[in-house]
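So this block is work05.csv, CSV, C-alpha atoms:
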chain,number,residue,atom,x,y,z
A,1,MET,CA,14.1,8.4,-7.4
A,2,ASP,CA,11.5,8.9,-10.1
A,3,THR,CA,8.0,8.2,-8.7
A,4,THR,CA,6.1,8.8,-11.9
A,5,ALA,CA,5.1,5.1,-12.1
A,6,LEU,CA,4.1,5.0,-8.5
A,7,ARG,CA,2.0,8.1,-8.7
A,8,GLY,CA,0.3,6.7,-11.8
A,9,ALA,CA,-0.4,3.4,-10.1
A,10,TYR,CA,-2.1,5.3,-7.3
A,11,ASP,CA,-4.2,7.3,-9.7
A,12,ARG,CA,-5.5,4.1,-11.1
A,13,LEU,CA,-6.1,2.6,-7.7
A,14,PHE,CA,-8.1,5.7,-6.6
A,15,ASP,CA,-10.2,5.5,-9.7
A,16,ALA,CA,-11.0,1.9,-8.8
A,17,ALA,CA,-11.7,2.7,-5.2
A,18,ALA,CA,-14.1,5.5,-6.1
A,19,VAL,CA,-16.5,3.0,-7.7
A,20,PRO,CA,-19.7,3.2,-5.5
A,21,ASP,CA,-20.7,-0.5,-5.8
A,22,LEU,CA,-17.8,-2.3,-4.1
A,23,GLY,CA,-19.0,-5.4,-2.3
A,24,ASP,CA,-17.2,-8.1,-0.4
A,25,ALA,CA,-14.7,-10.4,-1.9
A,26,HIS,CA,-16.2,-13.7,-3.1
A,27,ASP,CA,-13.2,-15.6,-1.7
A,28,GLY,CA,-13.5,-14.2,1.8
A,29,GLY,CA,-10.7,-11.8,1.2
A,30,TRP,CA,-10.4,-8.1,2.1
A,31,ASN,CA,-13.2,-5.6,1.4
A,32,ALA,CA,-12.3,-2.2,-0.1
A,33,ASP,CA,-11.8,-0.5,3.3
A,34,GLN,CA,-9.4,-3.2,4.4
A,35,ILE,CA,-7.4,-2.9,1.2
A,36,LEU,CA,-7.2,0.9,1.7
A,37,ALA,CA,-6.2,0.5,5.3
A,38,HIS,CA,-3.5,-2.0,4.3
A,39,LEU,CA,-2.1,0.4,1.7
A,40,LEU,CA,-2.1,3.2,4.2
A,41,SER,CA,-0.1,1.1,6.7
A,42,VAL,CA,2.3,-0.1,4.0
A,43,ASP,CA,3.0,3.4,2.7
A,44,ALA,CA,3.5,4.8,6.2
A,45,SER,CA,5.9,2.0,7.1
A,46,ILE,CA,7.9,2.4,3.9
A,47,ALA,CA,8.0,6.2,4.4
A,48,ALA,CA,9.3,5.6,7.9
A,49,VAL,CA,12.0,3.3,6.5
A,50,ALA,CA,13.0,5.8,3.9
A,51,LEU,CA,13.3,8.6,6.5
A,52,GLY,CA,15.3,6.3,8.7
A,53,VAL,CA,17.7,5.6,5.9
A,54,VAL,CA,18.1,9.4,5.3
A,55,ALA,CA,18.7,9.9,9.0
A,56,GLY,CA,21.5,7.3,9.0
A,57,ALA,CA,19.7,4.5,10.7
A,58,ARG,CA,19.4,1.1,9.2
A,59,PRO,CA,15.8,0.3,9.5
A,60,THR,CA,14.0,-2.9,8.5
A,61,PHE,CA,10.7,-3.5,6.7
A,62,ASP,CA,8.3,-6.1,8.0
A,63,ASN,CA,4.8,-6.0,6.5
A,64,ARG,CA,3.1,-8.2,9.1
A,65,ILE,CA,1.6,-5.3,11.0
A,66,CYS,CA,0.2,-4.1,7.6
A,67,LEU,CA,-1.6,-7.4,7.2
A,68,ASP,CA,-2.9,-7.7,10.8
A,69,THR,CA,-6.7,-7.6,10.9
A,70,TRP,CA,-6.8,-5.8,14.2
A,71,ASN,CA,-4.6,-3.1,12.9
A,72,LEU,CA,-6.6,-2.7,9.7
A,73,ASP,CA,-9.8,-2.5,11.7
A,74,ARG,CA,-8.2,0.2,13.9
A,75,ILE,CA,-7.2,2.2,10.8
A,76,ILE,CA,-10.7,1.9,9.4
A,77,ALA,CA,-12.3,3.0,12.7
A,78,GLU,CA,-10.2,6.2,12.7
A,79,HIS,CA,-12.0,7.4,9.6
A,80,SER,CA,-15.5,8.6,9.1
A,81,GLY,CA,-16.1,6.5,5.9
A,82,ARG,CA,-14.5,5.3,2.7
A,83,SER,CA,-14.0,8.8,1.3
A,84,ASP,CA,-12.2,9.9,4.4
A,85,LEU,CA,-10.0,6.8,4.3
A,86,MET,CA,-9.3,7.3,0.6
A,87,GLU,CA,-8.2,10.9,1.3
A,88,HIS,CA,-5.8,9.7,4.0
A,89,VAL,CA,-4.4,7.0,1.7
A,90,ARG,CA,-4.0,9.6,-1.0
A,91,SER,CA,-2.2,11.9,1.4
A,92,GLN,CA,0.0,9.2,2.7
A,93,ALA,CA,0.9,8.0,-0.8
A,94,ALA,CA,1.9,11.6,-1.7
A,95,VAL,CA,4.1,11.8,1.4
A,96,LEU,CA,5.8,8.6,0.4
A,97,CYS,CA,6.3,9.8,-3.2
A,98,ASP,CA,7.6,13.1,-2.0
A,99,ILE,CA,10.1,11.4,0.3
A,100,ALA,CA,11.2,9.0,-2.5
A,101,ASP,CA,11.6,11.9,-5.0
A,102,GLN,CA,14.2,13.4,-2.7
A,103,LEU,CA,16.2,10.3,-2.1
A,104,SER,CA,19.8,10.4,-3.3
A,105,GLU,CA,21.1,7.5,-5.3
A,106,GLN,CA,23.2,6.5,-2.3
A,107,ALA,CA,20.2,6.4,0.0
A,108,ALA,CA,18.0,4.6,-2.6
A,109,SER,CA,20.7,1.9,-2.9
A,110,VAL,CA,20.9,1.2,0.9
A,111,PRO,CA,19.9,-2.5,1.5
A,112,VAL,CA,16.9,-2.8,3.7
A,113,PRO,CA,16.3,-6.1,5.5
A,114,SER,CA,12.8,-7.0,4.4
A,115,LEU,CA,10.3,-9.6,5.4
A,116,LEU,CA,7.2,-9.7,3.1
A,117,LEU,CA,4.3,-12.1,3.5
A,118,SER,CA,1.3,-12.4,1.3
A,119,ASN,CA,-1.7,-14.7,2.0
A,120,ASP,CA,0.3,-16.3,4.8
A,121,ALA,CA,3.1,-17.2,2.4
A,122,LEU,CA,6.6,-15.9,2.7
A,123,VAL,CA,7.4,-13.8,-0.4
A,124,LEU,CA,10.7,-12.3,0.7
A,125,ASP,CA,13.1,-12.5,3.6
A,126,GLN,CA,16.3,-10.8,2.6
A,127,PRO,CA,17.8,-7.3,2.2
A,128,ILE,CA,16.7,-5.4,-0.9
A,129,PRO,CA,17.7,-1.8,-1.9
A,130,LEU,CA,15.3,0.9,-0.6
A,131,ALA,CA,14.6,1.8,-4.2
A,132,SER,CA,13.5,-1.8,-5.0
A,133,LEU,CA,11.1,-1.7,-2.0
A,134,ILE,CA,9.5,1.5,-3.3
A,135,ASP,CA,9.5,0.5,-6.9
A,136,GLY,CA,7.9,-2.8,-5.9
A,137,LEU,CA,4.8,-0.7,-4.9
A,138,ALA,CA,4.4,0.6,-8.4
A,139,GLU,CA,5.3,-2.6,-10.2
A,140,ASP,CA,3.3,-5.1,-8.2
A,141,HIS,CA,1.8,-4.0,-4.9
A,142,VAL,CA,-0.5,-1.1,-5.9
A,143,PRO,CA,-1.6,-2.7,-9.2
A,144,ALA,CA,-2.5,-6.0,-7.4
A,145,HIS,CA,-4.6,-4.1,-5.0
A,146,THR,CA,-6.2,-2.1,-7.8
A,147,GLN,CA,-7.2,-5.4,-9.4
A,148,GLN,CA,-8.6,-6.6,-6.1
A,149,LEU,CA,-10.8,-3.4,-5.9
A,150,LEU,CA,-12.0,-3.9,-9.5
A,151,GLU,CA,-13.0,-7.5,-8.6
A,152,LEU,CA,-15.1,-6.2,-5.7
A,153,ARG,CA,-17.5,-4.4,-8.1
A,154,VAL,CA,-21.0,-5.6,-7.5
A,155,ALA,CA,-22.6,-6.9,-10.8
A,156,VAL,CA,-25.7,-5.0,-11.5
A,157,PRO,CA,-28.4,-7.2,-13.2
A,158,GLY,CA,-28.7,-6.4,-16.9
A,159,HIS,CA,-25.3,-4.6,-17.1
A,160,ALA,CA,-22.1,-6.1,-18.4
This entry written out as structure tokens:
Amino acid sequence: MDTTALRGAYDRLFDAAAVPDLGDAHDGGWNADQILAHLLSVDASIAAVALGVVAGARPTFDNRICLDTWNLDRIIAEHSGRSDLMEHVRSQAAVLCDIADQLSEQAASVPVPSLLLSNDALVLDQPIPLASLIDGLAEDHVPAHTQQLLELRVAVPGHA
């Protein structure tokens, strides 16, 4: 697989996450640390699925644990602050990309039964190729969370 787009999406996300004045979501949504913890959980889960496929297993992907508030809080608590959390996300994203870079076409085409929820709504409940699961991160998932981070910037009075 070619992970150029995914690596680029993560570069943009890390730029957005590095902004010092990230506040809370106006709609009661996730804060920056929760977004980063979610990404860490998703990337680790998909990396595990990819390695399972390579090993000959037929794993499934279910993102519910990646959305669980208790799990996100646990991940955040394991880090000494946002910069430490960002470094772990950066490292985990690199691991995922390195695994994806090594997938054969045959492995990348293996259908993975997938259950995806977003905002308590079912987005997907069917098998999709492993490559589509990974490409979906670059095409939608990481950019959507980058936008969430950008929306958390605290407006400074007198600045546009």
Name the residues, using the chain letters and numbers of the file, that sit within 12 Å of (-12.8, -8.5, -6.5) when counting all atoms listed in the file, and give them as a CSV table (one decimal) with C-alpha atoms, in the frame of the given file.
chain,number,residue,atom,x,y,z
A,16,ALA,CA,-11.0,1.9,-8.8
A,17,ALA,CA,-11.7,2.7,-5.2
A,21,ASP,CA,-20.7,-0.5,-5.8
A,22,LEU,CA,-17.8,-2.3,-4.1
A,23,GLY,CA,-19.0,-5.4,-2.3
A,24,ASP,CA,-17.2,-8.1,-0.4
A,25,ALA,CA,-14.7,-10.4,-1.9
A,26,HIS,CA,-16.2,-13.7,-3.1
A,27,ASP,CA,-13.2,-15.6,-1.7
A,28,GLY,CA,-13.5,-14.2,1.8
A,29,GLY,CA,-10.7,-11.8,1.2
A,30,TRP,CA,-10.4,-8.1,2.1
A,31,ASN,CA,-13.2,-5.6,1.4
A,32,ALA,CA,-12.3,-2.2,-0.1
A,35,ILE,CA,-7.4,-2.9,1.2
A,144,ALA,CA,-2.5,-6.0,-7.4
A,145,HIS,CA,-4.6,-4.1,-5.0
A,146,THR,CA,-6.2,-2.1,-7.8
A,147,GLN,CA,-7.2,-5.4,-9.4
A,148,GLN,CA,-8.6,-6.6,-6.1
A,149,LEU,CA,-10.8,-3.4,-5.9
A,150,LEU,CA,-12.0,-3.9,-9.5
A,151,GLU,CA,-13.0,-7.5,-8.6
A,152,LEU,CA,-15.1,-6.2,-5.7
A,153,ARG,CA,-17.5,-4.4,-8.1
A,154,VAL,CA,-21.0,-5.6,-7.5
A,155,ALA,CA,-22.6,-6.9,-10.8
Neighbour list for Ile65 (chain A) as a PyMOL selection string, cut-off 12 Å, only C-alpha atoms, skip fewer than 5 positions in-chain: chain A and resi 37-42+44-45+70-75+115-117
Which one is closest to Val123 (chain A): A:Arg64, A:Arg7, A:Arg58, A:Arg12? Count all atoms listed in the file. A:Arg64
In file coordinates, which residues lie within 6 Å of (20.2, 4.8, 5.1) using all atoms listed in the file, given as a VMD selection string? chain A and resid 53 to 54 56 to 58 107 110
Just to confirm, what's the straight-line distance from CA of Leu6 (chain A) to CA of Leu137 (chain A) in Å (one decimal)? 6.8 Å
Would you kindly return, as JSON, numbers by chain, each protein, DNA or RNA residue with an atom no farther than 12 Å from any atom of Gly136 (chain A), considering only C-alpha atoms and excluding same-chain residues fewer than 6 positions away? {"A": [3, 5, 6, 9, 42, 43, 46, 116, 124, 128, 129, 130, 142, 143, 144]}
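Separating CA of Pro20 (chain A) from CA of Ala93 (chain A) is a distance of 21.7 Å.
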Nearest to Met1 (chain A), chosen from A:Ala131, A:Ala18, A:Val112, A:Leu67, with all atoms listed in the file counted in the distances: A:Ala131
Which value, in Å to one decimal, gives the distance between CA of Gln34 (chain A) and CA of Thr4 (chain A)? 25.5 Å
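Distances here use all atoms listed in the file; by that measure, the residue among A:Gln126, A:Ser132, A:Thr69, A:Asn119 closest to Ala100 (chain A) is A:Ser132.
For the residues A:Leu103, A:Cys97, A:Asp120, A:Asp33, ranking by smallest atom-to-atom distance to Gly52 (chain A) using all atoms listed in the file places A:Leu103 first.
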